[in-house]
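First the structure, in the form of structure tokens, and then the observations on it.
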Amino acid sequence: MADTTHLKTIEQRLLWLSQWMIHNANHIRPKVDGIKVGGHQASSASMVSIMTALYFAALRPEDRVAVKPHASPIFHAMQYLMGNQTRARMEAFRGFGGVQSYPSRTKDVDDVDFSTGSVGLGVAITSFASIVQDFIAAKPWGADLPLGRMVTLVGDAELDEGNIYEALQEGWKNDLRNCWWIIDYNRQSLDGIVREGLFERIEKIFDAFGWDVVRVKYGALQRAAFEEPGGDRLRDWIETCPNAEYSALTYQGGVKWRKRLMDDLGDQGDVTALIDRRSDAELAALMENLGGNCVETMAEVFERVDHDRPTCFLAYTIKGWGTPIAGHKDNHGGLMTKAQMAEWQTRMGVPEGQEWEPFATVKDPNALRAFLDRVPFFAKGPRRYSDAGIAVPAIAAPSDQETSTQTAFGKILDALAKGDSALADRIVTTSPDVTGTTSLGPWVNRRKLFARTEMADAFIEHRIPSTAKWEFAPEGQHIELGIAEMNLFLLLGAAGLSHSLFGKRLIPIGTVYDPFVHRGLDALNYACYQDARFIIVGTPSGVTLAPEGGAHQSVGTPLTGMAQDGLASFEPAFADELAVIMEWALDYLQRDGEGDPDERTWLRDETGGSVYLRLTTKPLEQPGKRVDDAFRQGAIDGGYWLRPPGPNCEVVIAYQGAVADEAIAAAGMIGGARRDVGVLAVTSADRLNAGWTAAQRERARGNTGAQSHVERLLGRLPRHCTIITVIDGHPATLAWLGSVAGHRTISHGVEHFGQTGTIGDLARHFRIDRSALVASVNGLTDGAPS
């Protein structure tokens, strides 16, 4: 075990630096907005002993940690102490260019493993990262991967988040190992005190899912006191003291501790003597020496774990430990006053003017620096890895004369499964209990399901006919999940960071029914915020999933695809479009450029990102073979002319997705009455819109020649031309097209929950059929818009 003296010194340094950073941001740095900056002094203070023992005694370079959001000041202070963070960024905490409010992989410069701003998600992702680690280690190309522990530092109030329990169940099903969850059990949350006896429920839940549970309630001082005469009665008193009482006494200090203990336990001889032997300050230190606030105890507890079973540490702590606001009911969002900080600075022995000095108060800086140089976790420097890009094989569209994009997706993956490309070997697919119905079945039949131990398919053994061959094996490349969509996006997030976390690139592809993208939206946003790389396929989509009814018909997902940062959204109508987009997407996932925009589109494609494909089960007659560059590039850039407009074009019908046949038919029906009708195939409203707004920003900066792809597409249209848009989704997805060059626009789409029926019934009901489009055209007045 590491030298306890050095650990105690580090603990006190981290406590001071973190609290001073918050104080500086709220009371010293000039205020511009006139509002509290915040920073969670109490919530971070309760974690300082745990984090000191963990990082400076227990962890190895291959371990990964998700830090409790409100403990970010401790994390940043730790990196500052180690020379991995600058004073300027520390002074700008929660300011522009400063260290982030919550640990962020993409916004912070220090070595953040997992972003943890959205409570609960940073907890659950560690279990999926452990599963991904096992997935990689089971493959020939990943056999050299050193197995690390995936560690979560979690506040007890975070355990209210339901996704944590969904993750526990998925971990049990996937034989989870090498995972530690360390609970900061300070029994206080934003609005009050945690209910009595919560620890008993926590222990039962974790035990039910096969976790070891280690309760860390008493620190070294308390355990020593319990060995003294009368110590057993002191221990019994602590065991039965209500959470609120313990917190209040902690805030009031040694005098109140003495009075309360003497009132309850006095005149019992040895107990009274135990109390009397300690000064008020010593008595307060004893009562506040819970296990999670004792760096010596935490280091010992971590060292005793010598197995790979998932382990939950329930570490009792005092919220605000070591500070003047410790234990106060309002301390979650509270801050030390200037007077409290001045008094505390004196108590901490920090000289005025040396508040930012990492080694101020350290008696032997050289000895401490030598110790820090030997800490295993930091020995190899930053642990942001990378992996070489993998060549993408040519992807051909299926040759069916009539097919749906969902079916085409399954056939494209099956073709990859049949091949022996390096890229196919790195693909990992996953789905929340809809593998067969989202066309992943052929891929899984060829590439098997992943499990650390082989499990045969009983139907195959008994020769029972089935389209699904469910063979589990270490070489398997599909991870089957339960029905929780949050787990889907957490797994995609973990797998999509594998190149950075483990130095082994994966190509994660997940499928889900499109309406249920929104059930996992928080985790999808979380994955994108970390810059995880994956493909999510939402299928079937829209009211074309007609017989299933409104709950299974997606309306708003195209808008989600446009709004979500880090996610390029596509909705192809035809199989050849999908093939082109998938070939591009498999490369796009692997890019990590400088972020300079492509002046042809003004999209930041060099940075790469994740991809969302909104697909459908509606079969469409396929166009003839198209191999020209304009089609291929247009499909990637977001749109192309399926039917180019003539010089006197009066009407353009712009569509996205499964309504292609209705748009094409409507154009044919009005072609005799209207001149030069154009049909615009939109494959990605997201990319068209993003390029347009980016080009506008560039022009505002003085580059008057900047022009986006959609501006070039629509720039040839006469001003009197009307654009009719249609999508099996919310009409706002395409309604903005008229703003590009000032054209009147009539938008068709779905704004309300659907109902059961045939595709035709619902298309007519929502006016996304050919007759409704023609009616809109016929309703136009001749000439220019009024």
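Order determines the names: the first chain of the structure tokens is A, the second B, and so forth; residues in each chain are numbered 1 upward, and ligands are numbered 1 upward as they are shown.
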> Where in stretch 203-301 of chain A does DSSP assign strand (DSSP E), given as a PyMOL selection string?
Replying inline: chain A and resi 212-216
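Every protein, DNA or RNA residue with an atom at most 7 Å from stretch 657-661 of chain A, where only C-alpha atoms count and chain neighbours fewer than 4 positions away do not, is listed here: Glu571, Pro572, Ala573, Thr616, Lys618, Leu620, Ala665, Ile727 and Asp728 of chain A.
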Take the residues from that selection and write them out as a PDB file, in the first residue's frame, keeping C-alpha atoms.
```
ATOM      1  CA  GLU A 571     -32.924   9.181 -44.600  1.00  0.00           C
ATOM      2  CA  PRO A 572     -32.319   7.514 -47.969  1.00  0.00           C
ATOM      3  CA  ALA A 573     -35.231   6.340 -50.083  1.00  0.00           C
ATOM      4  CA  THR A 616     -38.217   2.031 -43.554  1.00  0.00           C
ATOM      5  CA  LYS A 618     -41.899   0.242 -47.167  1.00  0.00           C
ATOM      6  CA  LEU A 620     -40.115   0.931 -53.340  1.00  0.00           C
ATOM      7  CA  ALA A 665     -45.972  10.159 -59.008  1.00  0.00           C
ATOM      8  CA  ILE A 727     -41.691  13.637 -45.559  1.00  0.00           C
ATOM      9  CA  ASP A 728     -43.037  10.797 -43.453  1.00  0.00           C
TER      10      ASP A 728
END
```
> Which of stretch 299-386 of chain A counts as alpha helix (DSSP H) under DSSP, as a ChimeraX atom specification please?
Replying inline: /A:299-304,338-348,365-374
> So which residues touch A:Ile636 within 10 Å, counting only C-alpha atoms, skipping near sequence neighbours fewer than 3 positions away, as a list in words?
Replying inline: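 Once the adjacent positions are removed, what remains is Phe570, Pro572, Glu577, Leu578, Val580, Ile581, Met582, Glu583, Trp584, Ala585, Ala630, Phe631, Arg632, Gln633, Gly639, Tyr640, Thr683, Ser684, Arg687 and Leu688 of chain A.
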> Between atom CA of A:Val109 and atom CA of A:Gly593, what is the distance, to one decimal in Å?
Replying inline: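 Atom-to-atom, atom CA of A:Val109 to atom CA of A:Gly593, that is 17.4 Å.
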>> Would you pick out the contacts of A:Gln79 at 8 Å or less, using only C-alpha atoms, so that residues sharing its chain but fewer than 5 positions from it are not included, and give the list as a ChimeraX atom specification?
In response: /A:84-85,110-111
>> Quick one: residues within 12 Å of A:Gly95, only C-alpha atoms, excluding same-chain residues fewer than 3 positions away - as a list in words?
In response: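 What passes the distance filter is Met21, Ile22, Asn24, Ala25, Asn26, Arg29, Pro30, Lys31, Val32, Asp33, Lys36, Val37, Gly38, Gly39, Ala88, Arg89, Met90, Glu91, Ala92, Gly98, Val99, Gln100 and Ser101 of chain A.
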>> What's around A:Ser279 at 10 Å? Count only C-alpha atoms, leave out sequence neighbours fewer than 3 positions away in its own chain, and write the answer as a ChimeraX atom specification.
In response: /A:254-255,258,275-276,282-285
Atoms kept (C-alpha atoms) for selection, written as an mmCIF file, in the first residue's frame:
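Output file part-v1.cif follows:
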```
data_model
loop_
_atom_site.group_PDB
_atom_site.id
_atom_site.type_symbol
_atom_site.label_atom_id
_atom_site.label_comp_id
_atom_site.auth_asym_id
_atom_site.auth_seq_id
_atom_site.Cartn_x
_atom_site.Cartn_y
_atom_site.Cartn_z
ATOM 1 C CA GLY A 254 -17.041 19.385 18.764
ATOM 2 C CA VAL A 255 -18.905 21.232 21.529
ATOM 3 C CA ARG A 258 -19.714 16.382 23.292
ATOM 4 C CA ILE A 275 -15.142 11.098 25.345
ATOM 5 C CA ASP A 276 -13.278 13.085 27.995
ATOM 6 C CA GLU A 282 -10.320 15.710 18.471
ATOM 7 C CA LEU A 283 -13.840 14.563 19.237
ATOM 8 C CA ALA A 284 -15.159 16.237 16.067
ATOM 9 C CA ALA A 285 -12.380 14.620 14.053
#
```
